[in-house]
Amino acid sequence: MNVYSETISVGVIGSGGMGARHAGTLSATVSGARVGGIMDLDRSRAEKLAANCGSDVMVFENEQDLIRDDDIDVVVITTPDETHAGLIMECLQHQKPVFCEKPLATTVEDARRIVDAEVELDRKVVQVGFMRRYDPQHLDVKNAIDSGAIGNPVLFKGTHRNAVALPGTSSESILVNSAVHDLDAARWMLGQEIEEVYVHGTNTPAASDEEVLDLQVIQLKLGGGCLANIEVYVNAGYGYEVDLEVVGDEGTLHIAPANAPVLRKQKYAGHPVEGDWLERFPAAYVLEMQRWIENLRGGRLTGPDAWDGYTSLLAVESCIASLHSGTKEHFKSPQRPELYQ
Ligand code: ISE
């Protein structure tokens with residue numbers, strides 16, 4: 001059922017890196033959508049972005065005005081993590097489809113409230129920005145696993161490195177803000193739910209705060225018997241990298257190398273490394289927006305949903321508990337409501 005007769009008008013909340021990227025993609029690349037409005041606490045930045053996205057883009061004073069406006073059909077949220085849950089709930093109250101950057105919320109309780117509100121609505125309206133699910137390199141691995149190329153997967157080996165920790169980073173926020181991607185990727189790639197986590201962390205010399213465990217190693221056991229080993233290092237210094245190998249009982253799959261030629265020169269062979277996620281995942285961000293708009297038009301959302309956001313946060317919460325206790329943490333995935341089957 002096509003519920004949108006005209007171009008879908010998207011309201012973007014937050015005009016920083018991710019907000020600017022999504023607004024730019026929606027206005028310049030994605031067909032069937034336009035940026036209808038922008039809101040940011042930094043009004044002049046919002047105005048600049050609005051001017052770049054078209055001549056009739058409204059600039060809103062606050063988030064609520066944007067969400068409630070009748071000329072805004074759907075909402076994109078790219079504000080700081082702690083604001084996500086409240087803004088999503090506001091969208092749910094106004095029955096406005098919403099794409100929110102990860103994490104869905106910063107606590108399991110808030111994430112569950114979102115799931116419950118969506119179940120009450122009896123319609124999926126929330127999508128979460130787990131963009132690796134749209135990255136061509138990750139998709140190649142996922143499709144190969146699903147076609148049986150490596151037999152049964154038995155081990156997920158992930159590497160996730162930021163060049164420099166975000167301002168205000170804590171040991172816990174590394175799990176909420178960064179590792180949540182890897183936890184979602186493991187669930188998605190393997191098609192299994194996480195049942196046990198064990199996390200070690202250390203403070204590296206690169207950390208600006210000696211309290212922060214800026215290098216963490218996460219071990220997982222998943223329901224179908226797979227294991228996972230994930231390194232998250234947020235002060236890697238040299239650049240940004242996400243790497244993945246999946247080991248199966250008949251072979252292994254490693255994501256293809258970077259899309260840059262290998263340069264050999266003066267006793268050196270190598271390729272450049274990206275500086276951050278915006279440089280690393282350009283294709284994924286475009287596909288993610290394009291599919292979202294197509295799905296909205298088709299009346300059925302197929303991307304990572306509130307249940308994926310909630311379940312990955314349950315794993316994050318257990319990871320935080322393990323980091324604090326120094327022991328393994330078990331947890332049982334709750335019953336998946338019919339809406340998310
Ligand atoms: C950042 O917020 C992102 O979402 C990136 O995708 C992730 O790789 C990075 O670690 C986060 O800090």
# chains A, B, ... in the order shown; residues from 1 in each chain; ligands from 1
>>> residues_near_ligand(ligand="ligand 1", cutoff="7 Å", atoms="only C-alpha atoms and all ligand atoms", output="PyMOL selection string")
chain A and resi 102+160-162+166+177-178+234+277
>>> write_last_selection(atoms="N, CA and C atoms", output="mmCIF file, in the first residue's frame")
data_model
loop_
_atom_site.group_PDB
_atom_site.id
_atom_site.type_symbol
_atom_site.label_atom_id
_atom_site.label_comp_id
_atom_site.auth_asym_id
_atom_site.auth_seq_id
_atom_site.Cartn_x
_atom_site.Cartn_y
_atom_site.Cartn_z
ATOM 1 N N LYS A 102 21.749 4.810 15.741
ATOM 2 C CA LYS A 102 21.949 3.951 16.902
ATOM 3 C C LYS A 102 22.579 4.763 18.025
ATOM 4 N N HIS A 160 36.909 -3.221 15.458
ATOM 5 C CA HIS A 160 36.206 -1.936 15.335
ATOM 6 C C HIS A 160 37.106 -0.873 15.968
ATOM 7 N N ARG A 161 37.712 -0.052 15.120
ATOM 8 C CA ARG A 161 38.671 0.934 15.653
ATOM 9 C C ARG A 161 38.286 2.349 15.252
ATOM 10 N N ASN A 162 38.181 3.234 16.230
ATOM 11 C CA ASN A 162 38.030 4.666 15.968
ATOM 12 C C ASN A 162 39.424 5.273 16.072
ATOM 13 N N LEU A 166 35.570 9.805 21.114
ATOM 14 C CA LEU A 166 34.699 10.991 21.079
ATOM 15 C C LEU A 166 34.859 11.747 22.400
ATOM 16 N N ASN A 177 27.766 3.195 22.478
ATOM 17 C CA ASN A 177 27.868 3.979 21.245
ATOM 18 C C ASN A 177 28.595 3.250 20.121
ATOM 19 N N SER A 178 29.618 2.473 20.461
ATOM 20 C CA SER A 178 30.408 1.818 19.403
ATOM 21 C C SER A 178 30.116 0.322 19.308
ATOM 22 N N VAL A 234 38.942 2.533 20.735
ATOM 23 C CA VAL A 234 38.483 3.849 20.262
ATOM 24 C C VAL A 234 39.593 4.898 20.184
ATOM 25 N N TRP A 277 33.790 6.962 10.182
ATOM 26 C CA TRP A 277 32.703 6.161 9.607
ATOM 27 C C TRP A 277 32.063 6.837 8.394
#
>>> residues_around(residues="Ala105 (chain A)", least_positions_apart="2", cutoff="10 Å", atoms="only C-alpha atoms", output="list of chain:residue names")
A:Asp81, A:Glu82, A:Thr83, A:His84, A:Ala85, A:Gly86, A:Leu87, A:Ile88, A:Cys100, A:Glu101, A:Lys102, A:Pro103, A:Thr107, A:Val108, A:Glu109, A:Asp110, A:Ala111, A:Arg112, A:Arg113, A:Ile114, A:Val176, A:Ala306, A:Gly309, A:Tyr310, A:Leu313
>>> atom_distance(atom1="CA of Thr25 (chain A)", atom2="CA of Asp184 (chain A)")
24.0 Å
>>> residues_around(residues="Tyr285 (chain A)", least_positions_apart="6", cutoff="9 Å", atoms="only C-alpha atoms", output="ChimeraX atom specification")
/A:21-22,25,129,131-132,134-135,278
>>> atom_distance(atom1="CA of Val35 (chain A)", atom2="CA of Tyr4 (chain A)")
14.9 Å
>>> atom_distance(atom1="CA of His271 (chain A)", atom2="CA of Ala186 (chain A)")
26.9 Å
>>> select_by_dssp(residues="region 32-263 of chain A", states="strand (DSSP E or B)", output="short mmCIF file (atom, residue, chain, number, x, y, z; two decimals) with C-alpha atoms, in the first residue's frame")
data_model
loop_
_atom_site.label_atom_id
_atom_site.label_comp_id
_atom_site.auth_asym_id
_atom_site.auth_seq_id
_atom_site.Cartn_x
_atom_site.Cartn_y
_atom_site.Cartn_z
CA ALA A 33 12.12 12.15 -0.88
CA ARG A 34 12.99 15.72 0.00
CA VAL A 35 14.20 17.45 3.14
CA GLY A 36 11.18 19.33 4.50
CA GLY A 37 12.75 20.68 7.67
CA ILE A 38 15.84 20.79 9.86
CA MET A 39 16.18 21.39 13.57
CA MET A 58 11.91 24.96 7.06
CA VAL A 59 14.15 25.51 10.07
CA PHE A 60 12.48 24.59 13.35
CA VAL A 74 8.75 11.26 8.55
CA VAL A 75 11.64 12.05 10.89
CA VAL A 76 15.38 11.35 11.00
CA ILE A 77 17.07 11.64 14.42
CA VAL A 98 11.18 7.61 12.39
CA PHE A 99 14.71 6.65 11.42
CA CYS A 100 16.97 7.03 14.44
CA VAL A 126 10.91 2.78 13.89
CA GLN A 127 14.13 2.00 12.02
CA VAL A 128 17.56 2.03 13.67
CA PRO A 153 29.30 -20.44 10.81
CA VAL A 154 31.07 -21.11 14.12
CA LEU A 155 33.01 -17.91 14.92
CA PHE A 156 32.54 -14.15 14.26
CA LYS A 157 35.78 -12.15 14.54
CA GLY A 158 35.23 -8.40 14.54
CA THR A 159 37.58 -5.44 14.74
CA HIS A 160 36.21 -1.94 15.33
CA ARG A 161 38.67 0.93 15.65
CA ILE A 194 23.48 -13.50 22.05
CA GLU A 195 23.25 -15.53 25.25
CA GLU A 196 26.50 -14.88 27.10
CA VAL A 197 29.03 -12.04 27.18
CA TYR A 198 32.46 -11.63 28.75
CA VAL A 199 34.28 -8.31 28.48
CA HIS A 200 37.82 -7.24 29.32
CA GLY A 201 39.02 -3.68 29.08
CA THR A 202 42.27 -1.82 29.43
CA LEU A 215 40.38 -0.92 24.43
CA GLN A 216 37.82 -3.63 25.08
CA VAL A 217 37.64 -7.24 24.01
CA ILE A 218 34.19 -8.78 23.98
CA GLN A 219 33.56 -12.51 23.83
CA LEU A 220 30.11 -13.81 23.02
CA LYS A 221 28.29 -17.11 22.98
CA LEU A 222 25.24 -17.18 20.75
CA LEU A 227 31.21 -17.82 19.33
CA ALA A 228 32.33 -14.24 18.71
CA ASN A 229 35.43 -12.28 19.54
CA ILE A 230 35.21 -8.52 19.05
CA GLU A 231 37.89 -5.88 19.58
CA VAL A 232 36.67 -2.32 20.12
CA TYR A 233 39.50 0.20 20.35
CA GLU A 241 38.61 0.51 10.57
CA VAL A 242 35.88 -2.08 10.74
CA ASP A 243 37.02 -5.56 9.86
CA LEU A 244 35.25 -8.90 9.98
CA GLU A 245 36.00 -12.55 9.44
CA VAL A 246 33.44 -15.30 9.84
CA VAL A 247 34.76 -18.83 10.32
CA GLY A 248 32.58 -21.72 9.26
CA THR A 252 36.02 -18.72 6.18
CA LEU A 253 34.87 -15.37 4.82
CA HIS A 254 36.75 -12.14 5.32
CA LEU A 263 50.15 1.12 -3.87
#
>>> residues_around(residues="Leu287 (chain A)", least_positions_apart="4", cutoff="12 Å", atoms="only C-alpha atoms", output="JSON, numbers by chain")
{"A": [22, 25, 26, 29, 30, 31, 129, 130, 131, 132, 133, 134, 135, 136, 139, 281, 282, 283, 291, 292, 293, 294, 295, 303]}
>>> write_last_selection(atoms="N, CA and C atoms", output="PDB file, in the first residue's frame")
ATOM      1  N   HIS A  22      22.806  12.565   6.135  1.00  0.00           N
ATOM      2  CA  HIS A  22      21.486  12.046   5.732  1.00  0.00           C
ATOM      3  C   HIS A  22      20.699  13.107   4.958  1.00  0.00           C
ATOM      4  N   THR A  25      22.047  13.301   1.466  1.00  0.00           N
ATOM      5  CA  THR A  25      21.663  12.118   0.683  1.00  0.00           C
ATOM      6  C   THR A  25      20.196  12.214   0.267  1.00  0.00           C
ATOM      7  N   LEU A  26      19.346  12.615   1.216  1.00  0.00           N
ATOM      8  CA  LEU A  26      17.906  12.667   0.926  1.00  0.00           C
ATOM      9  C   LEU A  26      17.589  13.734  -0.110  1.00  0.00           C
ATOM     10  N   THR A  29      20.304  12.579  -3.601  1.00  0.00           N
ATOM     11  CA  THR A  29      20.510  11.258  -4.198  1.00  0.00           C
ATOM     12  C   THR A  29      19.278  10.356  -4.186  1.00  0.00           C
ATOM     13  N   VAL A  30      18.488  10.450  -3.123  1.00  0.00           N
ATOM     14  CA  VAL A  30      17.377   9.500  -2.973  1.00  0.00           C
ATOM     15  C   VAL A  30      16.156   9.993  -3.736  1.00  0.00           C
ATOM     16  N   SER A  31      15.595   9.113  -4.568  1.00  0.00           N
ATOM     17  CA  SER A  31      14.405   9.558  -5.302  1.00  0.00           C
ATOM     18  C   SER A  31      13.165   9.363  -4.432  1.00  0.00           C
ATOM     19  N   GLY A 129      19.647   3.014  12.871  1.00  0.00           N
ATOM     20  CA  GLY A 129      20.746   3.216  11.928  1.00  0.00           C
ATOM     21  C   GLY A 129      21.913   2.243  12.064  1.00  0.00           C
ATOM     22  N   PHE A 130      21.620   0.942  11.993  1.00  0.00           N
ATOM     23  CA  PHE A 130      22.711  -0.036  11.942  1.00  0.00           C
ATOM     24  C   PHE A 130      23.140  -0.153  10.475  1.00  0.00           C
ATOM     25  N   MET A 131      23.966   0.791  10.029  1.00  0.00           N
ATOM     26  CA  MET A 131      24.232   0.916   8.586  1.00  0.00           C
ATOM     27  C   MET A 131      25.119  -0.183   8.024  1.00  0.00           C
ATOM     28  N   ARG A 132      25.796  -0.944   8.915  1.00  0.00           N
ATOM     29  CA  ARG A 132      26.630  -2.027   8.355  1.00  0.00           C
ATOM     30  C   ARG A 132      25.779  -3.008   7.565  1.00  0.00           C
ATOM     31  N   ARG A 133      24.485  -3.099   7.922  1.00  0.00           N
ATOM     32  CA  ARG A 133      23.599  -4.024   7.205  1.00  0.00           C
ATOM     33  C   ARG A 133      23.388  -3.608   5.756  1.00  0.00           C
ATOM     34  N   TYR A 134      23.846  -2.392   5.398  1.00  0.00           N
ATOM     35  CA  TYR A 134      23.714  -1.908   4.018  1.00  0.00           C
ATOM     36  C   TYR A 134      25.073  -1.747   3.337  1.00  0.00           C
ATOM     37  N   ASP A 135      26.146  -2.089   4.050  1.00  0.00           N
ATOM     38  CA  ASP A 135      27.493  -1.938   3.490  1.00  0.00           C
ATOM     39  C   ASP A 135      27.747  -3.072   2.497  1.00  0.00           C
ATOM     40  N   PRO A 136      28.115  -2.731   1.238  1.00  0.00           N
ATOM     41  CA  PRO A 136      28.302  -3.796   0.236  1.00  0.00           C
ATOM     42  C   PRO A 136      29.262  -4.897   0.705  1.00  0.00           C
ATOM     43  N   LEU A 139      27.417  -6.995   3.183  1.00  0.00           N
ATOM     44  CA  LEU A 139      26.342  -7.742   2.505  1.00  0.00           C
ATOM     45  C   LEU A 139      26.885  -8.934   1.730  1.00  0.00           C
ATOM     46  N   PHE A 281      31.780   4.383   5.212  1.00  0.00           N
ATOM     47  CA  PHE A 281      30.507   3.755   4.844  1.00  0.00           C
ATOM     48  C   PHE A 281      29.620   4.599   3.915  1.00  0.00           C
ATOM     49  N   PRO A 282      30.197   5.342   2.938  1.00  0.00           N
ATOM     50  CA  PRO A 282      29.337   6.206   2.120  1.00  0.00           C
ATOM     51  C   PRO A 282      28.240   5.436   1.384  1.00  0.00           C
ATOM     52  N   ALA A 283      28.581   4.297   0.818  1.00  0.00           N
ATOM     53  CA  ALA A 283      27.584   3.534   0.041  1.00  0.00           C
ATOM     54  C   ALA A 283      26.475   3.028   0.962  1.00  0.00           C
ATOM     55  N   ARG A 291      16.545   2.650   0.701  1.00  0.00           N
ATOM     56  CA  ARG A 291      15.647   1.542   1.051  1.00  0.00           C
ATOM     57  C   ARG A 291      14.559   1.995   2.019  1.00  0.00           C
ATOM     58  N   TRP A 292      14.952   2.847   2.968  1.00  0.00           N
ATOM     59  CA  TRP A 292      13.977   3.323   3.962  1.00  0.00           C
ATOM     60  C   TRP A 292      12.835   4.056   3.253  1.00  0.00           C
ATOM     61  N   ILE A 293      13.196   4.935   2.336  1.00  0.00           N
ATOM     62  CA  ILE A 293      12.173   5.696   1.610  1.00  0.00           C
ATOM     63  C   ILE A 293      11.321   4.751   0.748  1.00  0.00           C
ATOM     64  N   GLU A 294      11.976   3.807   0.067  1.00  0.00           N
ATOM     65  CA  GLU A 294      11.215   2.837  -0.748  1.00  0.00           C
ATOM     66  C   GLU A 294      10.254   2.037   0.137  1.00  0.00           C
ATOM     67  N   ASN A 295      10.760   1.610   1.296  1.00  0.00           N
ATOM     68  CA  ASN A 295       9.927   0.817   2.213  1.00  0.00           C
ATOM     69  C   ASN A 295       8.749   1.631   2.738  1.00  0.00           C
ATOM     70  N   GLY A 303      14.089  -2.741   7.358  1.00  0.00           N
ATOM     71  CA  GLY A 303      15.425  -2.517   7.918  1.00  0.00           C
ATOM     72  C   GLY A 303      15.492  -2.902   9.385  1.00  0.00           C
TER      73      GLY A 303
END
>>> residues_around(residues="Gln341 (chain A)", least_positions_apart="3", cutoff="12 Å", atoms="only C-alpha atoms", output="list in words")
Val119, Lys124, Thr302, Asp305, Trp307, Asp308, Gln335, Arg336, Pro337 and Glu338 of chain A
>>> select_by_dssp(residues="region 195-336 of chain A", states="alpha helix (DSSP H)", output="JSON, numbers by chain")
{"A": [277, 278, 279, 280, 282, 283, 284, 285, 286, 287, 288, 289, 290, 291, 292, 293, 294, 295, 296, 297, 298, 306, 307, 308, 309, 310, 311, 312, 313, 314, 315, 316, 317, 318, 319, 320, 321, 322, 323, 324, 325]}
>>> closest_residue(among="A:Gly24, A:Gly19, A:Gly299, A:Gly237", to="Pro205 (chain A)", atoms="only C-alpha atoms")
A:Gly237
>>> residues_around(residues="Pro167 (chain A)", least_positions_apart="2", cutoff="12 Å", atoms="only C-alpha atoms", output="PyMOL selection string")
chain A and resi 80+164-165+169-170+173-174+207-209+212+234-235
>>> residues_around(residues="Asp40 (chain A)", least_positions_apart="2", cutoff="7 Å", atoms="only C-alpha atoms", output="number ranges by chain")
A: 13-15, 38, 42-43, 46
